[in-house]
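Colleague: Sharing input-v5.csv, CSV, C-alpha atoms:
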```
chain,number,residue,atom,x,y,z
A,1,MET,CA,172.1,92.7,113.1
A,2,THR,CA,169.6,92.1,110.3
A,3,LYS,CA,167.2,90.6,112.9
A,4,LEU,CA,167.6,93.7,115.0
A,5,THR,CA,167.0,96.0,112.1
A,6,ILE,CA,163.8,94.1,111.1
A,7,ALA,CA,162.6,94.1,114.7
A,8,GLY,CA,163.2,97.9,114.9
A,9,VAL,CA,161.3,98.5,111.6
A,10,ILE,CA,158.4,96.3,112.9
A,11,ALA,CA,158.4,98.2,116.2
A,12,VAL,CA,158.4,101.6,114.5
A,13,LEU,CA,155.7,100.5,112.0
A,14,SER,CA,153.4,99.1,114.8
A,15,MET,CA,153.9,102.3,116.8
A,16,THR,CA,153.0,104.4,113.8
A,17,ILE,CA,150.0,102.3,112.9
A,18,GLY,CA,148.9,102.3,116.6
A,19,SER,CA,149.1,106.0,116.9
A,20,SER,CA,147.3,106.7,113.7
A,21,TYR,CA,144.4,104.4,114.7
A,22,ALA,CA,144.4,105.5,118.4
A,23,ALA,CA,142.5,108.7,117.6
A,24,GLU,CA,139.7,107.0,115.7
A,25,PHE,CA,136.3,107.7,117.2
A,26,THR,CA,135.1,104.4,118.6
A,27,PRO,CA,131.9,103.3,120.3
A,28,GLU,CA,133.8,103.3,123.6
A,29,MET,CA,134.8,106.9,123.1
A,30,ASN,CA,131.2,107.7,122.2
A,31,ASN,CA,130.1,106.1,125.5
A,32,ALA,CA,132.8,108.0,127.5
A,33,LEU,CA,131.7,111.2,125.8
A,34,GLN,CA,128.1,110.6,126.6
A,35,THR,CA,128.9,109.8,130.2
A,36,CYS,CA,130.7,113.2,130.5
A,37,LEU,CA,127.8,115.0,128.8
A,38,ASP,CA,125.3,113.4,131.1
A,39,THR,CA,127.4,114.2,134.2
A,40,ALA,CA,127.7,117.8,133.1
A,41,LEU,CA,124.0,118.1,132.5
A,42,ARG,CA,123.3,116.6,136.0
A,43,GLN,CA,125.5,119.4,137.4
A,44,HIS,CA,123.9,122.2,135.3
A,45,ALA,CA,120.6,121.2,133.7
A,46,GLY,CA,120.5,122.9,130.3
A,47,VAL,CA,121.7,122.5,126.7
A,48,VAL,CA,125.2,121.6,125.6
A,49,THR,CA,126.4,124.2,123.0
A,50,GLN,CA,129.8,122.8,122.4
A,51,TRP,CA,132.3,120.1,123.3
A,52,GLU,CA,135.8,119.5,122.4
A,53,MET,CA,137.5,116.2,122.8
A,54,ASP,CA,141.2,115.4,123.3
A,55,SER,CA,141.5,111.7,122.5
A,56,ARG,CA,145.3,111.7,122.1
A,57,THR,CA,145.9,111.8,125.9
A,58,SER,CA,145.9,108.7,128.1
A,59,VAL,CA,142.7,109.8,129.8
A,60,LEU,CA,139.9,111.1,127.5
A,61,SER,CA,139.5,114.8,128.2
A,62,ILE,CA,136.5,116.7,127.2
A,63,LYS,CA,135.8,120.5,127.4
A,64,LEU,CA,132.2,121.5,127.1
A,65,ASP,CA,129.9,124.5,127.4
A,66,VAL,CA,126.4,124.3,128.9
A,67,VAL,CA,123.8,127.0,128.7
A,68,ALA,CA,121.8,126.4,131.9
A,69,SER,CA,118.1,126.9,132.2
A,70,ASP,CA,118.7,130.3,133.9
A,71,ASP,CA,120.7,131.4,130.7
A,72,VAL,CA,124.0,131.2,132.5
A,73,VAL,CA,126.9,129.7,130.5
A,74,TRP,CA,129.1,127.1,132.2
A,75,SER,CA,132.4,125.9,130.9
A,76,MET,CA,133.4,122.5,132.2
A,77,LYS,CA,136.1,120.0,131.9
A,78,CYS,CA,135.5,116.3,132.2
A,79,GLU,CA,138.0,113.5,132.6
A,80,GLY,CA,137.2,109.9,133.0
A,81,GLY,CA,133.5,110.6,133.4
A,82,ALA,CA,134.0,113.1,136.3
A,83,ILE,CA,133.8,116.9,136.1
A,84,VAL,CA,137.3,118.2,137.1
A,85,SER,CA,136.7,122.0,136.5
A,86,ASP,CA,133.6,124.1,136.4
A,87,GLU,CA,133.5,127.8,135.8
A,88,ARG,CA,131.0,130.4,134.7
A,89,LYS,CA,131.6,132.1,131.4
A,90,MET,CA,131.0,135.8,130.7
A,91,GLY,CA,127.6,136.8,129.4
A,92,ASN,CA,124.3,134.9,129.1
A,93,LYS,CA,122.6,133.0,126.3
A,94,ASN,CA,119.0,132.4,125.5
A,95,TYR,CA,118.3,128.9,126.9
A,96,LYS,CA,114.7,128.9,125.9
A,97,MET,CA,115.3,129.7,122.3
A,98,LEU,CA,118.4,127.4,122.0
A,99,SER,CA,116.6,124.4,123.5
A,100,SER,CA,113.3,124.8,121.7
A,101,ARG,CA,114.9,124.7,118.2
A,102,VAL,CA,116.5,121.3,118.6
A,103,LYS,CA,114.1,118.6,117.4
A,104,VAL,CA,116.5,115.7,117.0
A,105,PRO,CA,118.8,114.7,119.9
A,106,GLU,CA,122.5,115.5,119.6
A,107,THR,CA,123.4,111.8,119.9
A,108,THR,CA,121.4,111.0,116.7
A,109,CYS,CA,123.0,113.9,114.8
A,110,ARG,CA,126.4,112.8,116.0
A,111,GLN,CA,125.7,109.3,114.7
A,112,ALA,CA,124.8,110.7,111.3
A,113,ALA,CA,128.0,112.8,111.2
A,114,VAL,CA,130.2,109.9,112.3
A,115,GLU,CA,128.7,107.7,109.6
A,116,GLU,CA,129.7,110.3,107.0
A,117,TYR,CA,133.3,110.3,108.2
A,118,ALA,CA,133.6,106.8,109.6
A,119,GLY,CA,137.0,105.7,110.9
A,120,THR,CA,138.2,109.2,111.5
A,121,GLU,CA,139.0,111.4,114.5
A,122,LEU,CA,136.1,113.4,115.9
A,123,ASN,CA,137.3,116.5,117.7
A,124,ARG,CA,134.5,119.0,118.2
A,125,MET,CA,130.8,119.8,118.2
A,126,GLN,CA,129.3,123.2,118.1
A,127,TYR,CA,125.7,124.0,118.3
A,128,SER,CA,124.7,127.2,116.5
A,129,LEU,CA,121.9,128.8,114.6
A,130,SER,CA,122.1,129.8,111.0
A,131,TRP,CA,121.3,133.3,109.9
A,132,LYS,CA,117.8,131.9,109.0
A,133,GLY,CA,117.5,130.6,112.5
A,134,SER,CA,117.9,126.9,111.7
A,135,PRO,CA,119.7,125.0,114.4
A,136,TYR,CA,122.8,123.1,113.4
A,137,PHE,CA,125.2,120.7,115.1
A,138,THR,CA,128.6,121.2,113.5
A,139,TYR,CA,131.1,118.4,113.9
A,140,THR,CA,134.8,118.7,113.2
A,141,PHE,CA,136.8,115.7,112.1
A,142,LEU,CA,140.4,115.0,111.3
A,143,THR,CA,140.5,112.4,108.5
A,144,SER,CA,143.2,109.8,108.0
A,145,ASP,CA,144.4,111.5,104.8
A,146,ALA,CA,145.1,114.7,106.8
A,147,ARG,CA,142.0,116.8,106.0
A,148,GLU,CA,140.0,118.8,108.5
A,149,ALA,CA,136.3,118.2,107.8
A,150,THR,CA,133.2,119.8,109.1
A,151,VAL,CA,129.7,118.3,108.9
A,152,ASP,CA,126.6,120.4,109.5
A,153,VAL,CA,123.7,118.3,110.8
A,154,ASN,CA,120.4,120.0,110.8
A,155,ALA,CA,118.9,119.7,114.3
A,156,VAL,CA,115.4,119.8,113.0
A,157,THR,CA,115.6,117.0,110.4
A,158,GLY,CA,118.7,115.1,111.7
A,159,LYS,CA,120.1,115.1,108.1
A,160,ILE,CA,123.4,116.4,106.9
A,161,ASP,CA,122.9,119.7,105.1
A,162,ARG,CA,126.5,120.6,104.4
A,163,THR,CA,130.0,119.3,104.6
A,164,TYR,CA,133.4,120.8,103.9
A,165,SER,CA,136.9,119.4,104.0
A,166,SER,CA,140.3,120.7,103.2
A,167,ARG,CA,143.9,119.6,103.7
A,168,VAL,CA,145.7,120.7,106.9
A,169,ASP,CA,149.2,120.1,105.8
B,1,MET,CA,113.0,65.7,106.7
B,2,ARG,CA,116.3,64.3,105.5
B,3,ILE,CA,116.7,67.0,103.0
B,4,ALA,CA,116.0,69.6,105.6
B,5,THR,CA,118.7,68.3,108.0
B,6,VAL,CA,121.3,67.9,105.3
B,7,GLY,CA,120.4,70.9,103.2
B,8,PHE,CA,120.2,73.5,106.0
B,9,PRO,CA,123.9,73.4,107.1
B,10,LEU,CA,125.0,73.4,103.5
B,11,MET,CA,122.8,76.4,102.7
B,12,ARG,CA,124.1,78.2,105.8
B,13,ARG,CA,127.7,77.6,104.6
B,14,ALA,CA,126.9,78.7,101.1
B,15,ALA,CA,124.9,81.8,102.1
B,16,PRO,CA,127.9,84.2,102.4
B,17,PHE,CA,129.2,83.2,98.9
B,18,VAL,CA,125.7,83.5,97.4
B,19,LEU,CA,125.3,87.0,99.0
B,20,MET,CA,128.8,87.9,97.7
B,21,LEU,CA,127.8,86.9,94.2
B,22,LEU,CA,124.5,88.8,94.4
B,23,ALA,CA,126.3,91.9,95.6
B,24,MET,CA,129.0,91.8,93.0
B,25,PRO,CA,127.1,93.4,90.1
B,26,VAL,CA,125.7,96.0,92.5
B,27,LEU,CA,129.1,97.0,93.8
B,28,GLY,CA,130.7,96.9,90.4
B,29,SER,CA,128.1,99.0,88.6
B,30,ASP,CA,127.8,102.7,88.8
B,31,ASN,CA,126.8,105.5,86.4
B,32,THR,CA,130.3,105.8,85.0
B,33,GLU,CA,130.2,102.3,83.5
B,34,GLY,CA,131.7,102.4,80.0
B,35,LEU,CA,133.3,105.8,80.6
B,36,ASP,CA,136.8,104.5,80.3
B,37,GLU,CA,136.0,102.9,76.9
B,38,CYS,CA,134.4,106.2,75.8
B,39,LEU,CA,137.5,108.2,77.0
B,40,ALA,CA,139.8,105.9,75.1
B,41,SER,CA,137.6,106.2,72.0
B,42,ALA,CA,137.6,110.0,72.3
B,43,ARG,CA,141.4,110.0,72.5
B,44,GLU,CA,141.6,107.8,69.4
B,45,LEU,CA,139.8,110.5,67.5
B,46,HIS,CA,142.1,113.2,68.8
B,47,ASP,CA,145.1,112.1,70.9
B,48,GLY,CA,145.3,114.4,73.9
B,49,LEU,CA,144.2,114.9,77.5
B,50,PRO,CA,140.6,114.6,78.6
B,51,ILE,CA,139.9,117.8,80.5
B,52,ARG,CA,136.2,117.4,81.1
B,53,TRP,CA,133.5,114.7,81.0
B,54,GLU,CA,129.9,114.9,81.9
B,55,VAL,CA,127.4,112.1,82.6
B,56,GLU,CA,124.3,113.0,80.6
B,57,ASN,CA,121.3,113.4,83.0
B,58,GLY,CA,123.4,111.7,85.6
B,59,THR,CA,122.1,108.4,84.4
B,60,GLY,CA,125.0,107.1,82.4
B,61,HIS,CA,123.1,106.9,79.2
B,62,GLY,CA,125.7,109.0,77.5
B,63,PHE,CA,128.9,111.0,78.1
B,64,GLU,CA,130.0,114.3,76.9
B,65,ILE,CA,133.8,114.4,76.7
B,66,GLU,CA,136.2,117.3,76.0
B,67,VAL,CA,139.8,116.5,75.0
B,68,VAL,CA,142.7,118.9,74.6
B,69,ALA,CA,144.6,117.6,71.6
B,70,THR,CA,148.4,117.8,71.3
B,71,ASP,CA,148.0,120.9,69.2
B,72,GLY,CA,146.0,122.6,71.9
B,73,ARG,CA,142.7,122.4,70.2
B,74,VAL,CA,139.7,121.4,72.3
B,75,TRP,CA,137.5,118.7,70.8
B,76,LYS,CA,134.0,117.9,72.1
B,77,SER,CA,132.6,114.5,71.6
B,78,GLN,CA,129.7,112.4,72.7
B,79,CYS,CA,129.7,108.7,73.5
B,80,LEU,CA,127.1,106.1,74.3
B,81,PRO,CA,128.4,103.5,76.9
B,82,ALA,CA,126.6,100.7,75.1
B,83,ALA,CA,128.4,101.4,71.9
B,84,GLY,CA,131.7,102.6,73.5
B,85,LYS,CA,132.5,104.7,70.5
B,86,ALA,CA,132.8,108.5,70.7
B,87,SER,CA,131.8,110.8,67.9
B,88,ILE,CA,132.9,114.4,67.5
B,89,VAL,CA,130.2,117.0,68.0
B,90,GLY,CA,132.3,120.2,67.8
B,91,ARG,CA,135.3,122.2,68.6
B,92,GLY,CA,135.7,124.4,71.7
B,93,ILE,CA,136.7,128.0,71.5
B,94,GLY,CA,140.4,128.9,71.9
B,95,ILE,CA,143.6,127.0,72.3
B,96,GLN,CA,144.8,125.4,75.5
B,97,ASP,CA,148.3,124.7,76.6
B,98,TYR,CA,148.5,120.9,76.1
B,99,ALA,CA,152.1,120.5,77.1
B,100,THR,CA,151.7,122.2,80.5
B,101,MET,CA,148.4,120.5,81.2
B,102,SER,CA,149.6,117.0,80.4
B,103,ALA,CA,152.8,117.5,82.4
B,104,ARG,CA,150.8,118.5,85.5
B,105,ALA,CA,148.5,115.5,85.3
B,106,LYS,CA,150.8,113.0,87.0
B,107,VAL,CA,148.0,110.8,88.3
B,108,ALA,CA,145.7,108.9,86.0
B,109,GLU,CA,142.2,110.4,86.0
B,110,GLN,CA,140.7,106.9,86.6
B,111,ASP,CA,142.8,106.6,89.8
B,112,ALA,CA,141.6,110.0,91.0
B,113,ARG,CA,138.0,109.0,90.2
B,114,ASN,CA,138.4,105.8,92.3
B,115,THR,CA,139.7,107.8,95.2
B,116,VAL,CA,136.6,110.0,95.0
B,117,ARG,CA,134.4,106.9,94.8
B,118,THR,CA,135.9,105.5,98.0
B,119,TYR,CA,135.3,108.6,100.1
B,120,PHE,CA,132.2,110.0,98.4
B,121,PRO,CA,130.1,107.1,97.0
B,122,GLY,CA,127.3,108.3,94.8
B,123,ARG,CA,126.3,109.3,91.3
B,124,PHE,CA,129.0,111.1,89.3
B,125,ILE,CA,127.9,114.1,87.3
B,126,GLU,CA,131.1,115.6,85.9
B,127,MET,CA,134.8,115.9,86.0
B,128,VAL,CA,136.8,119.0,85.2
B,129,PHE,CA,140.5,119.1,84.9
B,130,ASP,CA,141.8,122.6,85.8
B,131,MET,CA,145.0,124.4,86.7
B,132,THR,CA,145.2,126.3,90.0
B,133,TRP,CA,146.5,129.8,90.4
B,134,ARG,CA,149.7,128.3,91.9
B,135,GLY,CA,150.3,126.2,88.8
B,136,GLY,CA,149.1,122.9,90.2
B,137,ALA,CA,146.4,120.9,88.6
B,138,THR,CA,143.3,119.3,90.0
B,139,PHE,CA,140.5,117.0,88.9
B,140,THR,CA,137.3,118.4,90.3
B,141,TYR,CA,134.4,115.9,90.5
B,142,THR,CA,130.7,116.6,91.1
B,143,VAL,CA,129.0,113.7,92.8
B,144,ILE,CA,125.4,113.4,94.1
B,145,THR,CA,125.5,111.4,97.3
B,146,PRO,CA,122.7,108.9,98.2
B,147,ASP,CA,121.2,111.4,100.7
B,148,ASP,CA,120.8,114.0,97.9
B,149,ARG,CA,123.8,116.3,98.5
B,150,GLU,CA,125.7,117.8,95.6
B,151,THR,CA,129.4,117.3,96.4
B,152,SER,CA,132.4,118.9,94.8
B,153,VAL,CA,135.6,117.0,95.4
B,154,GLU,CA,139.0,118.3,94.3
B,155,VAL,CA,141.8,115.8,93.8
B,156,ASP,CA,145.4,116.9,93.4
B,157,ALA,CA,146.6,115.7,89.9
B,158,ALA,CA,150.1,115.4,91.2
B,159,SER,CA,149.6,113.4,94.4
B,160,GLY,CA,146.2,111.8,93.8
B,161,ARG,CA,145.0,113.0,97.2
B,162,ILE,CA,141.8,114.8,98.0
B,163,VAL,CA,142.6,118.5,98.6
B,164,ARG,CA,139.2,119.9,99.3
B,165,SER,CA,135.5,118.8,99.3
B,166,LYS,CA,132.3,120.6,99.7
B,167,SER,CA,128.7,119.3,99.9
B,168,ARG,CA,125.3,120.9,100.1
B,169,ALA,CA,121.9,119.4,100.4
B,170,ILE,CA,119.9,119.8,97.2
B,171,ASP,CA,116.7,121.8,98.1
```
Could I get this file's structure written as structure tokens?
Modeller:
Amino acid sequence: MTKLTIAGVIAVLSMTIGSSYAAEFTPEMNNALQTCLDTALRQHAGVVTQWEMDSRTSVLSIKLDVVASDDVVWSMKCEGGAIVSDERKMGNKNYKMLSSRVKVPETTCRQAAVEEYAGTELNRMQYSLSWKGSPYFTYTFLTSDAREATVDVNAVTGKIDRTYSSRVD
Amino acid sequence: MRIATVGFPLMRRAAPFVLMLLAMPVLGSDNTEGLDECLASARELHDGLPIRWEVENGTGHGFEIEVVATDGRVWKSQCLPAAGKASIVGRGIGIQDYATMSARAKVAEQDARNTVRTYFPGRFIEMVFDMTWRGGATFTYTVITPDDRETSVEVDAASGRIVRSKSRAID
């Protein structure tokens, strides 16, 4: 009976530990994300303005928006490196302006953000312009101590300009 | 030749330990070295709760400490880490509620500081103990990160967990 109880406790603990570490942003996830982004850009050449990653499912699922070179905005879903849905969003965005502002590649900015919140879950990226016109990649993380954190990486310098975190529970 | 063949594997084995020893003082030292002695010394002068400390010039050459004494008076003191002895420089205006404040501070300030150090390594500037509008209490730390961002980190004085953090690049 005691052995069974101990085995049960170990099983529950290992499941808990496993699930809490499962969402951590790993180099493998980074590669999978990059594959999806590259595939999406092959389909619609342009600039990725946002992506959202669901790493808690068995297959890594990524939703992303691409502003194509003809200013059309495409919303896509990528699973396992393949685009599974692709639809046009309402309205247009200024591709020329958005693409010309970025001086540091998103991958480099992502690396800087991940280093700031190492070992946490990376959920989202959003590319936007500040009211002054400076381009920013904003990354959203969920930390292991239950905080939602955002990191603003300047797309001109590649440096972190702002961070913010607050508890979610 | 003989020395080289014998010495090299030994050196290779010893290298991690040598590196560890070299890194120890670097990891151990920061600009709050001596702060705990100074806080203890300030509390010896007036027993109470430290509600604020500031690292002068961010260098660790001296600390400014404010303590709410058990009678609610706020005492300001200065302390040099080398001496580890605080000296009173003045009294703050007004009276604070010592009983409420000390009851809310369930986590030791040093533990809260260590939590901040883990998540936001850098140079400490100041700590302020404050009550929230909900009646909770927080230790708010200001830290300058190695990439020159001023970071404000709030630690819940009841649970010791980080509640909020904000950072902004220093222009």
Colleague: Would you list which chain A residues are within 6 Å of chain B using all atoms listed in the file, as a PyMOL selection string?
Modeller: chain A and resi 161-167
Colleague: Taking all atoms listed in the file into account, produce a table as a Markdown table in which each residue of stretch 76-111 of chain A with an atom at most 12 Å from an atom of stretch 37-46 of chain A appears once, together with its shortest atom pair and the distance in Å to one decimal, ordered by chain and rising number.
Modeller:
```
| residue | atom | partner | partner_atom | distance |
| --- | --- | --- | --- | --- |
| A:Met76 | CA | A:Ala40 | CA | 7.4 |
| A:Lys77 | CA | A:Ala40 | CA | 8.8 |
| A:Cys78 | CA | A:Ala40 | CA | 8.0 |
| A:Glu79 | CA | A:Thr39 | CA | 10.7 |
| A:Gly80 | CA | A:Thr39 | CA | 10.8 |
| A:Gly81 | CA | A:Thr39 | CA | 7.1 |
| A:Ala82 | CA | A:Thr39 | CA | 7.0 |
| A:Ile83 | CA | A:Ala40 | CA | 6.9 |
| A:Val84 | CA | A:Ala40 | CA | 10.4 |
| A:Ser85 | CA | A:Ala40 | CA | 10.5 |
| A:Asp86 | CA | A:Ala40 | CA | 9.2 |
| A:Glu87 | CA | A:His44 | CA | 11.1 |
| A:Arg88 | CA | A:His44 | CA | 10.9 |
| A:Lys93 | CA | A:Gly46 | CA | 11.1 |
| A:Asn94 | CA | A:Gly46 | CA | 10.7 |
| A:Tyr95 | CA | A:Gly46 | CA | 7.2 |
| A:Lys96 | CA | A:Gly46 | CA | 9.4 |
| A:Met97 | CA | A:Gly46 | CA | 11.7 |
| A:Leu98 | CA | A:Gly46 | CA | 9.7 |
| A:Ser99 | CA | A:Gly46 | CA | 8.0 |
| A:Ser100 | CA | A:Gly46 | CA | 11.4 |
| A:Glu106 | CA | A:Leu37 | CA | 10.6 |
| A:Thr107 | CA | A:Leu37 | CA | 10.4 |
```
Colleague: Just C-alpha atoms for this one: save the residues we selected as a PDB file, in the coordinates of the input.
Modeller:
```
ATOM      1  CA  MET A  76     133.400 122.500 132.200  1.00  0.00           C
ATOM      2  CA  LYS A  77     136.100 120.000 131.900  1.00  0.00           C
ATOM      3  CA  CYS A  78     135.500 116.300 132.200  1.00  0.00           C
ATOM      4  CA  GLU A  79     138.000 113.500 132.600  1.00  0.00           C
ATOM      5  CA  GLY A  80     137.200 109.900 133.000  1.00  0.00           C
ATOM      6  CA  GLY A  81     133.500 110.600 133.400  1.00  0.00           C
ATOM      7  CA  ALA A  82     134.000 113.100 136.300  1.00  0.00           C
ATOM      8  CA  ILE A  83     133.800 116.900 136.100  1.00  0.00           C
ATOM      9  CA  VAL A  84     137.300 118.200 137.100  1.00  0.00           C
ATOM     10  CA  SER A  85     136.700 122.000 136.500  1.00  0.00           C
ATOM     11  CA  ASP A  86     133.600 124.100 136.400  1.00  0.00           C
ATOM     12  CA  GLU A  87     133.500 127.800 135.800  1.00  0.00           C
ATOM     13  CA  ARG A  88     131.000 130.400 134.700  1.00  0.00           C
ATOM     14  CA  LYS A  93     122.600 133.000 126.300  1.00  0.00           C
ATOM     15  CA  ASN A  94     119.000 132.400 125.500  1.00  0.00           C
ATOM     16  CA  TYR A  95     118.300 128.900 126.900  1.00  0.00           C
ATOM     17  CA  LYS A  96     114.700 128.900 125.900  1.00  0.00           C
ATOM     18  CA  MET A  97     115.300 129.700 122.300  1.00  0.00           C
ATOM     19  CA  LEU A  98     118.400 127.400 122.000  1.00  0.00           C
ATOM     20  CA  SER A  99     116.600 124.400 123.500  1.00  0.00           C
ATOM     21  CA  SER A 100     113.300 124.800 121.700  1.00  0.00           C
ATOM     22  CA  GLU A 106     122.500 115.500 119.600  1.00  0.00           C
ATOM     23  CA  THR A 107     123.400 111.800 119.900  1.00  0.00           C
TER      24      THR A 107
END
```
Colleague: Report, in Å to a single decimal, how far apart atom CA of B:Lys106 and atom CA of B:Val55 are.
Modeller: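 Computing it gives 23.8 Å between the two atoms.
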Colleague: Taking 2 positions as the minimum chain separation for residues in the same chain, which residues sit within 10 Å of stretch 29-37 of chain B when counting only C-alpha atoms? Answer as a CSV table (one decimal) with C-alpha atoms, keeping the file's coordinate frame.
Modeller:
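Saved the output as around01.csv:
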```
chain,number,residue,atom,x,y,z
B,24,MET,CA,129.0,91.8,93.0
B,25,PRO,CA,127.1,93.4,90.1
B,26,VAL,CA,125.7,96.0,92.5
B,27,LEU,CA,129.1,97.0,93.8
B,39,LEU,CA,137.5,108.2,77.0
B,40,ALA,CA,139.8,105.9,75.1
B,41,SER,CA,137.6,106.2,72.0
B,42,ALA,CA,137.6,110.0,72.3
B,43,ARG,CA,141.4,110.0,72.5
B,53,TRP,CA,133.5,114.7,81.0
B,54,GLU,CA,129.9,114.9,81.9
B,55,VAL,CA,127.4,112.1,82.6
B,56,GLU,CA,124.3,113.0,80.6
B,58,GLY,CA,123.4,111.7,85.6
B,59,THR,CA,122.1,108.4,84.4
B,60,GLY,CA,125.0,107.1,82.4
B,61,HIS,CA,123.1,106.9,79.2
B,62,GLY,CA,125.7,109.0,77.5
B,63,PHE,CA,128.9,111.0,78.1
B,64,GLU,CA,130.0,114.3,76.9
B,65,ILE,CA,133.8,114.4,76.7
B,79,CYS,CA,129.7,108.7,73.5
B,80,LEU,CA,127.1,106.1,74.3
B,81,PRO,CA,128.4,103.5,76.9
B,82,ALA,CA,126.6,100.7,75.1
B,83,ALA,CA,128.4,101.4,71.9
B,84,GLY,CA,131.7,102.6,73.5
B,85,LYS,CA,132.5,104.7,70.5
B,86,ALA,CA,132.8,108.5,70.7
B,109,GLU,CA,142.2,110.4,86.0
B,110,GLN,CA,140.7,106.9,86.6
B,113,ARG,CA,138.0,109.0,90.2
B,117,ARG,CA,134.4,106.9,94.8
B,121,PRO,CA,130.1,107.1,97.0
B,122,GLY,CA,127.3,108.3,94.8
B,123,ARG,CA,126.3,109.3,91.3
B,124,PHE,CA,129.0,111.1,89.3
B,125,ILE,CA,127.9,114.1,87.3
B,126,GLU,CA,131.1,115.6,85.9
```
Colleague: For B:Ser102, which of B:Ala69, B:Val74, B:Val89, B:Val128 is the closest residue, counting all atoms listed in the file?
Modeller: B:Ala69
Colleague: What does the structure give for the distance between atom CA of A:Ala155 and atom CA of A:Val102, in Å to one decimal?
Modeller: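 Atom-to-atom, atom CA of A:Ala155 and atom CA of A:Val102 are spaced 5.2 Å apart.
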Colleague: Rounded to one decimal, what separation in Å do you get between atom CA of B:Asp111 and atom CA of B:Arg52?
Modeller: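 We find that atom CA of B:Asp111 and atom CA of B:Arg52 lie 15.4 Å from each other.
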Colleague: Mind checking which residues fall within 12 Å of B:Ile93, counting only C-alpha atoms, ignoring those fewer than 3 positions away in the same chain, and posting them as a list in words?
Modeller: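 The residues that qualify are Glu66, Val68, Gly72, Arg73, Val74, Trp75, Lys76, Gly90 and Gln96 of chain B.
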Colleague: Calculated over only C-alpha atoms, which of the candidates A:Asp152, A:Glu121, A:Asp145, A:Asp65 has the smallest distance to A:Ala23?
Modeller: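 Ranked by minimum distance to A:Ala23, first place goes to A:Glu121.
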Colleague: Please return as number ranges by chain every residue within 8 Å of (146.1, 114.3, 73.2), taking into account all atoms listed in the file and the file's own coordinates.
Modeller: B: 43, 46-50, 67-71, 98
Colleague: Could you pull out every residue with an atom within 12 Å of (148.8, 127.2, 89.1), file coordinates, counting only C-alpha atoms, and send them as an MDAnalysis selection string?
Modeller: chainID B and resid 100:101 104 130:138 156:157
Colleague: With the input short on atoms, add N, CA and C atoms back to stretch 76-89 of chain B and write it as a CSV table (one decimal), in the frame of the given file.
Modeller:
```csv
chain,number,residue,atom,x,y,z
B,76,LYS,N,135.2,118.4,71.3
B,76,LYS,CA,134.0,117.9,72.1
B,76,LYS,C,133.4,116.7,71.4
B,77,SER,N,133.2,115.7,72.2
B,77,SER,CA,132.6,114.5,71.6
B,77,SER,C,131.5,113.9,72.5
B,78,GLN,N,130.7,113.1,72.0
B,78,GLN,CA,129.7,112.4,72.7
B,78,GLN,C,129.9,110.9,72.6
B,79,CYS,N,129.4,110.1,73.6
B,79,CYS,CA,129.7,108.7,73.5
B,79,CYS,C,128.6,108.0,74.3
B,80,LEU,N,128.1,106.9,73.7
B,80,LEU,CA,127.1,106.1,74.3
B,80,LEU,C,127.8,104.9,75.0
B,81,PRO,N,127.7,104.6,76.2
B,81,PRO,CA,128.4,103.5,76.9
B,81,PRO,C,128.2,102.2,76.2
B,82,ALA,N,127.0,102.0,75.7
B,82,ALA,CA,126.6,100.7,75.1
B,82,ALA,C,127.5,100.5,73.9
B,83,ALA,N,127.7,101.5,73.1
B,83,ALA,CA,128.4,101.4,71.9
B,83,ALA,C,129.9,101.5,72.1
B,84,GLY,N,130.3,102.4,73.1
B,84,GLY,CA,131.7,102.6,73.5
B,84,GLY,C,132.5,103.3,72.4
B,85,LYS,N,131.8,104.0,71.6
B,85,LYS,CA,132.5,104.7,70.5
B,85,LYS,C,132.1,106.2,70.5
B,86,ALA,N,133.1,107.0,70.6
B,86,ALA,CA,132.8,108.5,70.7
B,86,ALA,C,132.7,109.1,69.3
B,87,SER,N,131.9,110.1,69.2
B,87,SER,CA,131.8,110.8,67.9
B,87,SER,C,131.9,112.3,68.2
B,88,ILE,N,132.7,113.0,67.3
B,88,ILE,CA,132.9,114.4,67.5
B,88,ILE,C,131.6,115.2,67.3
B,89,VAL,N,131.4,116.1,68.2
B,89,VAL,CA,130.2,117.0,68.0
B,89,VAL,C,130.6,118.5,67.7
```
